[in-house]
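Undergrad: Dropping in start_38.json, with JSON, C-alpha atoms.
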[["chain", "number", "residue", "atom", "x", "y", "z"],
["R", 1, "MET", "CA", 0.00, 0.00, 0.00],
["R", 2, "ILE", "CA", 1.24, 3.48, -0.88],
["R", 3, "SER", "CA", 1.54, 6.23, 1.75],
["R", 4, "LYS", "CA", -0.73, 9.28, 1.75],
["R", 5, "GLN", "CA", 2.27, 11.55, 1.13],
["R", 6, "LYS", "CA", 3.45, 9.50, -1.86],
["R", 7, "ARG", "CA", -0.10, 9.37, -3.30],
["R", 8, "GLN", "CA", -0.42, 13.14, -2.97],
["R", 9, "GLU", "CA", 2.98, 13.65, -4.61],
["R", 10, "MET", "CA", 1.78, 11.46, -7.49],
["R", 11, "ILE", "CA", -1.42, 13.49, -7.81],
["R", 12, "LEU", "CA", 0.57, 16.71, -8.08],
["R", 13, "ASP", "CA", 2.87, 15.13, -10.65],
["R", 14, "ILE", "CA", -0.09, 13.91, -12.70],
["R", 15, "ILE", "CA", -1.91, 17.26, -12.76],
["R", 16, "GLN", "CA", 1.28, 19.14, -13.58],
["R", 17, "HIS", "CA", 2.11, 16.96, -16.57],
["R", 18, "GLN", "CA", -1.32, 15.97, -17.91],
["R", 19, "THR", "CA", -4.63, 17.66, -18.53],
["R", 20, "ILE", "CA", -6.90, 16.17, -15.89],
["R", 21, "SER", "CA", -10.36, 17.70, -15.67],
["R", 22, "ASN", "CA", -12.23, 15.40, -13.29],
["R", 23, "GLN", "CA", -11.77, 12.98, -10.43],
["R", 24, "GLU", "CA", -12.52, 9.94, -12.56],
["R", 25, "ASP", "CA", -9.61, 10.74, -14.89],
["R", 26, "LEU", "CA", -7.34, 11.34, -11.91],
["R", 27, "LEU", "CA", -8.39, 8.06, -10.34],
["R", 28, "ALA", "CA", -7.73, 6.26, -13.65],
["R", 29, "GLN", "CA", -4.24, 7.78, -13.84],
["R", 30, "LEU", "CA", -3.48, 6.69, -10.28],
["R", 31, "ASN", "CA", -4.79, 3.19, -10.99],
["R", 32, "GLY", "CA", -2.57, 3.11, -14.08],
["R", 33, "ARG", "CA", 0.40, 3.78, -11.80],
["R", 34, "GLY", "CA", -0.60, 0.90, -9.53],
["R", 35, "VAL", "CA", -2.28, 3.01, -6.87],
["R", 36, "GLU", "CA", -5.59, 1.62, -5.68],
["R", 37, "THR", "CA", -7.71, 4.24, -3.95],
["R", 38, "THR", "CA", -11.26, 5.56, -3.84],
["R", 39, "GLN", "CA", -12.92, 8.68, -5.15],
["R", 40, "THR", "CA", -13.57, 9.74, -1.54],
["R", 41, "THR", "CA", -9.84, 9.63, -0.83],
["R", 42, "ILE", "CA", -9.13, 11.56, -4.02],
["R", 43, "SER", "CA", -11.64, 14.23, -2.94],
["R", 44, "ARG", "CA", -9.87, 14.59, 0.40],
["R", 45, "ASP", "CA", -6.49, 14.79, -1.32],
["R", 46, "ILE", "CA", -7.74, 17.46, -3.73],
["R", 47, "ARG", "CA", -8.91, 19.59, -0.83],
["R", 48, "ALA", "CA", -5.75, 19.00, 1.23],
["R", 49, "LEU", "CA", -3.54, 19.94, -1.72],
["R", 50, "ASN", "CA", -5.60, 23.05, -2.58],
["R", 51, "ILE", "CA", -6.36, 21.78, -6.07],
["R", 52, "VAL", "CA", -9.00, 23.55, -8.12],
["R", 53, "ARG", "CA", -10.33, 23.29, -11.65],
["R", 54, "GLN", "CA", -9.26, 26.33, -13.62],
["R", 55, "LYS", "CA", -8.84, 27.25, -17.23],
["R", 56, "ASP", "CA", -5.28, 26.81, -18.41],
["R", 57, "SER", "CA", -3.42, 29.02, -20.88],
["R", 58, "VAL", "CA", -5.43, 27.59, -23.80],
["R", 59, "GLY", "CA", -8.78, 27.91, -22.01],
["R", 60, "GLN", "CA", -9.23, 24.26, -21.11],
["R", 61, "LEU", "CA", -10.58, 23.40, -17.65],
["R", 62, "ARG", "CA", -8.11, 21.28, -15.73],
["R", 63, "TYR", "CA", -6.99, 20.55, -12.20],
["R", 64, "GLN", "CA", -4.32, 22.95, -10.99],
["R", 65, "GLN", "CA", -2.89, 23.58, -7.57],
["R", 66, "LEU", "CA", -4.13, 26.79, -5.99],
["R", 67, "GLN", "CA", -1.34, 29.36, -5.98],
["R", 68, "GLU", "CA", 0.67, 28.96, -2.82],
["R", 69, "THR", "CA", 0.47, 32.68, -2.11],
["R", 70, "THR", "CA", -2.75, 32.10, -0.21],
["R", 71, "VAL", "CA", -1.25, 29.38, 1.99],
["R", 72, "GLU", "CA", 2.38, 30.54, 2.25],
["R", 73, "LYS", "CA", 1.69, 34.14, 3.24],
["R", 74, "THR", "CA", -0.94, 33.20, 5.80],
["R", 75, "GLU", "CA", -1.59, 30.44, 8.24],
["R", 76, "LYS", "CA", -4.08, 27.97, 6.86],
["R", 77, "GLY", "CA", -7.33, 28.47, 8.69],
["R", 78, "SER", "CA", -6.81, 32.15, 9.48],
["R", 79, "THR", "CA", -9.07, 35.07, 8.64],
["R", 80, "THR", "CA", -6.27, 36.40, 6.44],
["R", 81, "ALA", "CA", -6.24, 33.15, 4.46],
["R", 82, "VAL", "CA", -9.97, 33.57, 3.85],
["R", 83, "ASP", "CA", -9.47, 37.17, 2.74],
["R", 84, "GLU", "CA", -6.66, 36.16, 0.37],
["R", 85, "ALA", "CA", -8.75, 33.36, -1.14],
["R", 86, "ILE", "CA", -11.74, 35.67, -1.57],
["R", 87, "LYS", "CA", -9.56, 38.34, -3.24],
["R", 88, "GLU", "CA", -7.96, 35.83, -5.57],
["R", 89, "TYR", "CA", -10.90, 33.58, -6.54],
["R", 90, "ALA", "CA", -14.21, 35.32, -5.81],
["R", 91, "TYR", "CA", -15.94, 37.87, -8.01],
["R", 92, "PHE", "CA", -19.30, 38.29, -6.23],
["R", 93, "ALA", "CA", -20.57, 38.29, -2.63],
["R", 94, "LYS", "CA", -24.09, 39.12, -1.46],
["R", 95, "SER", "CA", -26.11, 38.38, 1.63],
["R", 96, "VAL", "CA", -29.61, 36.93, 1.46],
["R", 97, "ALA", "CA", -31.30, 36.60, 4.86],
["R", 98, "PHE", "CA", -28.84, 34.61, 7.02],
["R", 99, "MET", "CA", -26.73, 33.42, 4.09],
["R", 100, "THR", "CA", -23.89, 34.87, 2.07],
["R", 101, "ILE", "CA", -23.62, 33.76, -1.54],
["R", 102, "VAL", "CA", -20.11, 33.84, -3.00],
["R", 103, "LYS", "CA", -19.43, 33.27, -6.70],
["R", 104, "THR", "CA", -15.91, 32.08, -7.53],
["R", 105, "THR", "CA", -13.88, 31.27, -10.60],
["R", 106, "ASP", "CA", -14.79, 27.96, -12.19],
["R", 107, "GLY", "CA", -13.75, 24.98, -10.10],
["R", 108, "SER", "CA", -12.56, 26.85, -7.03],
["R", 109, "GLY", "CA", -15.77, 26.86, -4.99],
["R", 110, "ASN", "CA", -14.91, 23.78, -2.93],
["R", 111, "VAL", "CA", -11.39, 24.88, -2.07],
["R", 112, "VAL", "CA", -12.41, 28.40, -1.06],
["R", 113, "ALA", "CA", -15.24, 26.95, 1.04],
["R", 114, "GLY", "CA", -12.71, 24.64, 2.69],
["R", 115, "ILE", "CA", -10.54, 27.63, 3.57],
["R", 116, "ILE", "CA", -13.60, 29.36, 5.05],
["R", 117, "ASP", "CA", -14.46, 26.23, 7.04],
["R", 118, "ASP", "CA", -10.89, 25.83, 8.32],
["R", 119, "ALA", "CA", -10.87, 29.43, 9.60],
["R", 120, "ASN", "CA", -13.65, 28.70, 12.11],
["R", 121, "LEU", "CA", -15.04, 32.21, 11.74],
["R", 122, "PRO", "CA", -17.56, 32.96, 14.51],
["R", 123, "GLU", "CA", -20.06, 34.29, 11.92],
["R", 124, "VAL", "CA", -20.00, 31.04, 9.92],
["R", 125, "VAL", "CA", -22.09, 28.03, 10.88],
["R", 126, "ALA", "CA", -21.35, 26.04, 7.73],
["R", 127, "THR", "CA", -20.63, 26.24, 4.02],
["R", 128, "LEU", "CA", -22.08, 24.41, 1.05],
["R", 129, "ALA", "CA", -20.00, 24.60, -2.10],
["R", 130, "GLY", "CA", -20.32, 23.68, -5.71],
["R", 131, "PHE", "CA", -18.27, 24.22, -8.83],
["R", 132, "ASN", "CA", -18.25, 28.01, -8.60],
["R", 133, "THR", "CA", -20.75, 28.95, -5.89],
["R", 134, "ILE", "CA", -20.55, 28.89, -2.11],
["R", 135, "TYR", "CA", -23.45, 29.26, 0.31],
["R", 136, "VAL", "CA", -22.17, 30.46, 3.67],
["R", 137, "THR", "CA", -24.69, 30.03, 6.48],
["R", 138, "SER", "CA", -24.42, 32.50, 9.35],
["R", 139, "THR", "CA", -26.08, 32.65, 12.74],
["R", 140, "THR", "CA", -27.93, 35.89, 11.92],
["R", 141, "ALA", "CA", -28.86, 38.03, 8.95],
["R", 142, "GLN", "CA", -26.64, 40.77, 10.37],
["R", 143, "SER", "CA", -23.61, 38.42, 10.45],
["R", 144, "ALA", "CA", -24.27, 37.37, 6.86],
["R", 145, "GLU", "CA", -24.54, 41.00, 5.77],
["R", 146, "GLN", "CA", -21.26, 41.88, 7.53],
["R", 147, "LEU", "CA", -19.46, 38.97, 5.81],
["R", 148, "ALA", "CA", -20.91, 39.87, 2.42],
["R", 149, "ASN", "CA", -19.97, 43.54, 2.79],
["R", 150, "HIS", "CA", -16.43, 42.68, 3.92],
["R", 151, "TRP", "CA", -15.89, 40.18, 1.10],
["R", 152, "ALA", "CA", -17.48, 42.44, -1.51],
["R", 153, "ALA", "CA", -15.07, 45.21, -0.47],
["R", 154, "LEU", "CA", -12.14, 42.80, -0.94],
["R", 155, "ILE", "CA", -13.38, 41.81, -4.38],
["R", 156, "GLY", "CA", -13.67, 45.45, -5.41]]
Give the structure from this file in structure tokens form.

TA:
Amino acid sequence: MISKQKRQEMILDIIQHQTISNQEDLLAQLNGRGVETTQTTISRDIRALNIVRQKDSVGQLRYQQLQETTVEKTEKGSTTAVDEAIKEYAYFAKSVAFMTIVKTTDGSGNVVAGIIDDANLPEVVATLAGFNTIYVTSTTAQSAEQLANHWAALIG
């Protein structure tokens, strides 16, 4: 059995040298290298490695590692990390009742939501993320509005 670290190194190598656009293709590549794993494990690895689906230089969606600026400059799980991720990957934030809706670049919704979750912000109860949209549930409408206003100001 291969170690988690070795599997994650292989994932990074695969996405850096091949155009991989979904978890099934990534799983197939790992299987082709003799690594038996599950899609659930791949999902965890993608989040842990800050991998998102973004358009490459020719406009094709593919897995790429989130720029390390967000993680290197700030402690993972800090408010600053959330702000950096919002600045880099979000283009819309608005509150609706007790929720904040955040629109991100294609494929980065899950990773940005993970960064929000890891920060344990007191205003955030939970996140629900998709391909490019995050629903952030807050304890009150006022908290949601404060988050949305702060993030919208970061986006510009």

Undergrad: By how many Å are CA of Val136 (chain R) and CA of Gly107 (chain R) apart?

TA: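 So the two atoms, CA of Val136 (chain R) and CA of Gly107 (chain R), lie 17.0 Å apart.
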
Undergrad: Closest to Leu61 (chain R) among R:Ser138, R:Ser21, R:Ser143, R:Thr105, using only C-alpha atoms?

TA: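 Comparing R:Ser138, R:Ser21, R:Ser143, R:Thr105 against Leu61 (chain R), the winner is R:Ser21.
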
Undergrad: Would you compute the distance between CA of Val58 (chain R) and CA of Asp83 (chain R)? Give it in Å to one decimal.

TA: 28.5 Å

Undergrad: For Ile11 (chain R), which residue out of R:Ala144, R:Val125, R:Ala48, R:Val112 is the nearest one, using all atoms listed in the file?

TA: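 Of the candidates, the smallest distance to Ile11 (chain R) is held by R:Ala48.
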
Undergrad: If you count only C-alpha atoms, which residues fall within 12 Å of Asp118 (chain R), apart from same-chain ones fewer than 3 positions away, as a PDB file with C-alpha atoms, in the coordinates of the input?

TA:
ATOM      1  CA  ARG R  47      -8.910  19.590  -0.830  1.00  0.00           C
ATOM      2  CA  ALA R  48      -5.750  19.000   1.230  1.00  0.00           C
ATOM      3  CA  GLU R  75      -1.590  30.440   8.240  1.00  0.00           C
ATOM      4  CA  LYS R  76      -4.080  27.970   6.860  1.00  0.00           C
ATOM      5  CA  GLY R  77      -7.330  28.470   8.690  1.00  0.00           C
ATOM      6  CA  SER R  78      -6.810  32.150   9.480  1.00  0.00           C
ATOM      7  CA  THR R  79      -9.070  35.070   8.640  1.00  0.00           C
ATOM      8  CA  THR R  80      -6.270  36.400   6.440  1.00  0.00           C
ATOM      9  CA  ALA R  81      -6.240  33.150   4.460  1.00  0.00           C
ATOM     10  CA  VAL R  82      -9.970  33.570   3.850  1.00  0.00           C
ATOM     11  CA  VAL R 111     -11.390  24.880  -2.070  1.00  0.00           C
ATOM     12  CA  VAL R 112     -12.410  28.400  -1.060  1.00  0.00           C
ATOM     13  CA  ALA R 113     -15.240  26.950   1.040  1.00  0.00           C
ATOM     14  CA  GLY R 114     -12.710  24.640   2.690  1.00  0.00           C
ATOM     15  CA  ILE R 115     -10.540  27.630   3.570  1.00  0.00           C
ATOM     16  CA  LEU R 121     -15.040  32.210  11.740  1.00  0.00           C
ATOM     17  CA  PRO R 122     -17.560  32.960  14.510  1.00  0.00           C
ATOM     18  CA  VAL R 124     -20.000  31.040   9.920  1.00  0.00           C
ATOM     19  CA  VAL R 125     -22.090  28.030  10.880  1.00  0.00           C
ATOM     20  CA  ALA R 126     -21.350  26.040   7.730  1.00  0.00           C
ATOM     21  CA  THR R 127     -20.630  26.240   4.020  1.00  0.00           C
TER      22      THR R 127
END

Undergrad: May I ask which of the residues R:Ile14, R:Val35, R:Ile46, R:Leu154 is the closest one to Glu84 (chain R), counting only C-alpha atoms?

TA: R:Leu154

Undergrad: In Å, how far is it from CA of Tyr135 (chain R) to CA of Asn50 (chain R)?

TA: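 Computed distance, CA of Tyr135 (chain R) to CA of Asn50 (chain R), equals 19.1 Å.
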
Undergrad: Out of R:Thr100, R:Thr140, R:Gln65, R:Ser43, which residue has the shortest atom-to-atom distance to Glu24 (chain R) when counting all atoms listed in the file?

TA: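 Looking at the shortest contact to Glu24 (chain R), the residue is R:Ser43.
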
Undergrad: Between R:Gln18, R:Gly59, R:Ile155, R:Ser3, which residue has the minimum interatomic distance to Tyr91 (chain R), considering all atoms listed in the file?

TA: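 Among the listed residues, the smallest separation from Tyr91 (chain R) belongs to R:Ile155.
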
Undergrad: Excluding same-chain residues fewer than 3 positions from Asp45 (chain R), what lies within 9 Å of it counting only C-alpha atoms, as a ChimeraX atom specification?

TA: /R:4,7-8,11,40-42,48-51

Undergrad: Under the rule that all atoms listed in the file are counted, which of R:Ala141, R:Met1, R:Ala93, R:Ile86 is the nearest residue to Thr37 (chain R)?

TA: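 Of R:Ala141, R:Met1, R:Ala93, R:Ile86, the one nearest Thr37 (chain R) is R:Met1, counting all atoms listed in the file.
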
Undergrad: Leaving out Asn132 (chain R) and any residue of its chain fewer than 4 positions from it, which residues lie within 7 Å of it when counting only C-alpha atoms, given as a ChimeraX atom specification?

TA: /R:103-109
